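Please read the structure below before turning to the comments.
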Amino acid sequence: MRMMTHHMLHMDMFYRDLLIVYGDEKQTRKTLNIYFDKEEVEELLEDFTFEEKGRTVYAPKFNAYFVWLPKLPETAQDVGFLVHELFHSTYAVMCNVGISLSEDSEEAFAYMMGFLTEKVLESLPTISCPSRQL
């Protein structure tokens, strides 16, 4: 079986996509090169050290959102890092479409977080999701 290296999540309600990339620097560059040209990849990765537990990037120039994790989530702690990065993605997307985080918009942010988390977890071969069996 081939190792999963990335997942493209379509957020149709906002006409946005979120690319989630798993792997080391070499694998990440290889994956990003599928979606972006070489100069764009360099710009997207300019602040990366690849020593973080995860990273979220929003590049307005390319209207690109992506989450990077060093490996596929396997433990509760890994899922915690994933959800942490998904919050950053949620915040970036919502702000980009004109919705600031406030008491009035809290529910919309929570639904977006739930949507992203569910879709990502369903795509992972390393996590058991009962909803996959429905």
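To be explicit about the labels: the chains of the structure tokens are called A, B, and onward in the order shown, and within each one the residues are counted from 1, while ligands get numbers from 1 in the order they are shown.
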
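Neighbours of Glu43 (chain A) closer than or equal to 12 Å, with only C-alpha atoms counted and sequence neighbours fewer than 3 positions away skipped, come out as Arg29, Leu32, Phe36, Asp37, Lys38, Glu39, Glu40, Glu46, Asp47, Phe48, Val57, Tyr58, Ala59, Pro60, Lys61, Phe62 and Ala64 of chain A.
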
Just write the chosen residues, C-alpha atoms, as an mmCIF file, in the first residue's frame.
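Saved file selection.cif follows:
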data_model
loop_
_atom_site.group_PDB
_atom_site.id
_atom_site.type_symbol
_atom_site.label_atom_id
_atom_site.label_comp_id
_atom_site.auth_asym_id
_atom_site.auth_seq_id
_atom_site.Cartn_x
_atom_site.Cartn_y
_atom_site.Cartn_z
ATOM 1 C CA ARG A 29 8.410 20.076 -1.495
ATOM 2 C CA LEU A 32 3.708 21.250 -3.111
ATOM 3 C CA PHE A 36 2.432 25.273 -7.220
ATOM 4 C CA ASP A 37 5.366 26.292 -9.376
ATOM 5 C CA LYS A 38 8.903 26.265 -7.941
ATOM 6 C CA GLU A 39 8.964 29.986 -7.035
ATOM 7 C CA GLU A 40 5.619 29.705 -5.253
ATOM 8 C CA GLU A 46 10.359 30.597 3.344
ATOM 9 C CA ASP A 47 9.809 30.559 7.144
ATOM 10 C CA PHE A 48 9.734 26.779 7.587
ATOM 11 C CA VAL A 57 0.296 28.718 5.916
ATOM 12 C CA TYR A 58 -2.047 31.118 4.219
ATOM 13 C CA ALA A 59 -0.520 32.794 1.199
ATOM 14 C CA PRO A 60 -2.888 35.530 -0.008
ATOM 15 C CA LYS A 61 -0.870 35.993 -3.198
ATOM 16 C CA PHE A 62 -1.878 32.476 -4.298
ATOM 17 C CA ALA A 64 -3.478 29.075 -0.879
#

Residue neighbourhood Gln27 (chain A), 12 Å, only C-alpha atoms, exclusion window fewer than 6 positions, as a list in words |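 In the requested form, the answer reads Met3, Met4, Thr5, His6, Val21, Asn33, Ile34, Phe50, Trp68, Leu69, Pro70 and Lys71 of chain A.
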
Can I get the selection written as an mmCIF file, in the first residue's frame, with all heavy atoms?
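Output saved as selection11.cif:
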data_model
loop_
_atom_site.group_PDB
_atom_site.id
_atom_site.type_symbol
_atom_site.label_atom_id
_atom_site.label_comp_id
_atom_site.auth_asym_id
_atom_site.auth_seq_id
_atom_site.Cartn_x
_atom_site.Cartn_y
_atom_site.Cartn_z
ATOM 1 N N MET A 3 2.073 5.006 0.778
ATOM 2 C CA MET A 3 1.978 5.898 1.936
ATOM 3 C C MET A 3 1.249 7.188 1.548
ATOM 4 O O MET A 3 1.561 7.797 0.528
ATOM 5 C CB MET A 3 3.399 6.217 2.414
ATOM 6 C CG MET A 3 3.464 7.255 3.471
ATOM 7 S SD MET A 3 2.890 6.544 5.000
ATOM 8 C CE MET A 3 3.581 7.688 6.148
ATOM 9 N N MET A 4 0.272 7.576 2.336
ATOM 10 C CA MET A 4 -0.456 8.816 2.099
ATOM 11 C C MET A 4 0.461 9.990 2.421
ATOM 12 O O MET A 4 1.067 10.041 3.490
ATOM 13 C CB MET A 4 -1.701 8.852 2.982
ATOM 14 C CG MET A 4 -2.527 10.078 2.807
ATOM 15 S SD MET A 4 -3.951 9.981 3.909
ATOM 16 C CE MET A 4 -4.846 11.393 3.377
ATOM 17 N N THR A 5 0.572 10.942 1.512
ATOM 18 C CA THR A 5 1.447 12.097 1.728
ATOM 19 C C THR A 5 0.700 13.410 1.798
ATOM 20 O O THR A 5 1.225 14.389 2.293
ATOM 21 C CB THR A 5 2.494 12.203 0.604
ATOM 22 O OG1 THR A 5 1.810 12.358 -0.649
ATOM 23 C CG2 THR A 5 3.394 10.984 0.579
ATOM 24 N N HIS A 6 -0.525 13.428 1.290
ATOM 25 C CA HIS A 6 -1.286 14.667 1.342
ATOM 26 C C HIS A 6 -2.768 14.401 1.087
ATOM 27 O O HIS A 6 -3.150 13.314 0.648
ATOM 28 C CB HIS A 6 -0.752 15.695 0.343
ATOM 29 C CG HIS A 6 -0.978 15.341 -1.087
ATOM 30 N ND1 HIS A 6 -0.222 14.415 -1.767
ATOM 31 C CD2 HIS A 6 -1.898 15.799 -1.971
ATOM 32 C CE1 HIS A 6 -0.647 14.331 -3.011
ATOM 33 N NE2 HIS A 6 -1.663 15.143 -3.162
ATOM 34 N N VAL A 21 -0.446 18.406 4.113
ATOM 35 C CA VAL A 21 0.743 17.679 3.665
ATOM 36 C C VAL A 21 1.394 17.016 4.873
ATOM 37 O O VAL A 21 1.573 17.642 5.914
ATOM 38 C CB VAL A 21 1.757 18.636 2.992
ATOM 39 C CG1 VAL A 21 2.980 17.881 2.522
ATOM 40 C CG2 VAL A 21 1.101 19.384 1.836
ATOM 41 N N ASN A 33 4.981 20.885 -5.150
ATOM 42 C CA ASN A 33 5.279 21.078 -6.569
ATOM 43 C C ASN A 33 4.176 20.546 -7.483
ATOM 44 O O ASN A 33 4.115 20.914 -8.660
ATOM 45 C CB ASN A 33 6.622 20.448 -6.931
ATOM 46 C CG ASN A 33 7.778 21.323 -6.537
ATOM 47 O OD1 ASN A 33 7.739 22.533 -6.699
ATOM 48 N ND2 ASN A 33 8.815 20.720 -5.993
ATOM 49 N N ILE A 34 3.304 19.709 -6.964
ATOM 50 C CA ILE A 34 2.150 19.240 -7.731
ATOM 51 C C ILE A 34 1.170 20.397 -7.949
ATOM 52 O O ILE A 34 0.546 20.508 -9.002
ATOM 53 C CB ILE A 34 1.433 18.076 -7.008
ATOM 54 C CG1 ILE A 34 2.351 16.864 -6.901
ATOM 55 C CG2 ILE A 34 0.108 17.726 -7.687
ATOM 56 C CD1 ILE A 34 1.822 15.773 -5.967
ATOM 57 N N PHE A 50 10.937 22.989 9.500
ATOM 58 C CA PHE A 50 10.610 21.564 9.511
ATOM 59 C C PHE A 50 10.972 20.917 10.843
ATOM 60 O O PHE A 50 11.170 19.727 10.928
ATOM 61 C CB PHE A 50 11.238 20.819 8.324
ATOM 62 C CG PHE A 50 10.613 21.195 7.017
ATOM 63 C CD1 PHE A 50 11.141 22.201 6.239
ATOM 64 C CD2 PHE A 50 9.459 20.552 6.597
ATOM 65 C CE1 PHE A 50 10.534 22.564 5.047
ATOM 66 C CE2 PHE A 50 8.836 20.912 5.406
ATOM 67 C CZ PHE A 50 9.390 21.926 4.629
ATOM 68 N N TRP A 68 0.877 21.681 7.300
ATOM 69 C CA TRP A 68 1.961 20.707 7.230
ATOM 70 C C TRP A 68 2.090 20.013 8.580
ATOM 71 O O TRP A 68 2.039 20.657 9.630
ATOM 72 C CB TRP A 68 3.292 21.386 6.889
ATOM 73 C CG TRP A 68 4.451 20.460 7.085
ATOM 74 C CD1 TRP A 68 4.872 19.482 6.238
ATOM 75 C CD2 TRP A 68 5.304 20.380 8.232
ATOM 76 N NE1 TRP A 68 5.932 18.814 6.772
ATOM 77 C CE2 TRP A 68 6.220 19.348 8.007
ATOM 78 C CE3 TRP A 68 5.372 21.090 9.435
ATOM 79 C CZ2 TRP A 68 7.196 19.002 8.927
ATOM 80 C CZ3 TRP A 68 6.337 20.750 10.354
ATOM 81 C CH2 TRP A 68 7.246 19.709 10.098
ATOM 82 N N LEU A 69 2.221 18.699 8.536
ATOM 83 C CA LEU A 69 2.525 17.895 9.716
ATOM 84 C C LEU A 69 3.680 16.969 9.354
ATOM 85 O O LEU A 69 3.759 16.474 8.225
ATOM 86 C CB LEU A 69 1.324 17.061 10.146
ATOM 87 C CG LEU A 69 0.111 17.843 10.648
ATOM 88 C CD1 LEU A 69 -1.090 16.928 10.778
ATOM 89 C CD2 LEU A 69 0.409 18.513 11.965
ATOM 90 N N PRO A 70 4.590 16.700 10.296
ATOM 91 C CA PRO A 70 5.749 15.867 9.966
ATOM 92 C C PRO A 70 5.403 14.420 9.631
ATOM 93 O O PRO A 70 6.182 13.728 8.974
ATOM 94 C CB PRO A 70 6.622 15.950 11.212
ATOM 95 C CG PRO A 70 5.722 16.381 12.313
ATOM 96 C CD PRO A 70 4.617 17.173 11.669
ATOM 97 N N LYS A 71 4.215 13.963 10.076
ATOM 98 C CA LYS A 71 3.820 12.580 9.798
ATOM 99 C C LYS A 71 2.307 12.468 9.924
ATOM 100 O O LYS A 71 1.652 13.353 10.456
ATOM 101 C CB LYS A 71 4.498 11.610 10.761
ATOM 102 C CG LYS A 71 4.098 11.802 12.221
ATOM 103 C CD LYS A 71 4.871 10.880 13.140
ATOM 104 C CE LYS A 71 4.494 11.100 14.576
ATOM 105 N NZ LYS A 71 3.571 10.134 15.109
#

Selection: 12 Å around Gly54 (chain A), only C-alpha atoms, excl. self and same-chain fewer than 6 positions, as a PyMOL selection string | chain A and resi 20-24+48+66-73+77-89

Could you pull out all residues of chain A with a DSSP call of helix (DSSP H, G or I) and give them as a PyMOL selection string?
-> chain A and resi 12-14+25-35+38-44+76-96+106-123+130-133

Find the distance between CA of Cys95 (chain A) and CA of Leu19 (chain A) and write it in Å to one decimal.
->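 That distance, rounded to one decimal, is 17.9 Å.
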
Pull the strand (DSSP E or B) assignments for chain A out of DSSP run on the backbone, and list those residues as number ranges by chain.
-> A: 6-11, 16-22, 55-59, 64-69

Spatial neighbours of Arg16 (chain A), max dist 10 Å, only C-alpha atoms, sep filter under 5 positions, as a PyMOL selection string | chain A and resi 9-11+63-65+93+97

Tell me which protein, DNA and RNA residues are within 10 Å of Ala110 (chain A), counting only C-alpha atoms, leaving out same-chain ones fewer than 5 positions away, and put them as a ChimeraX atom specification.
-> /A:87,90,105,115-116
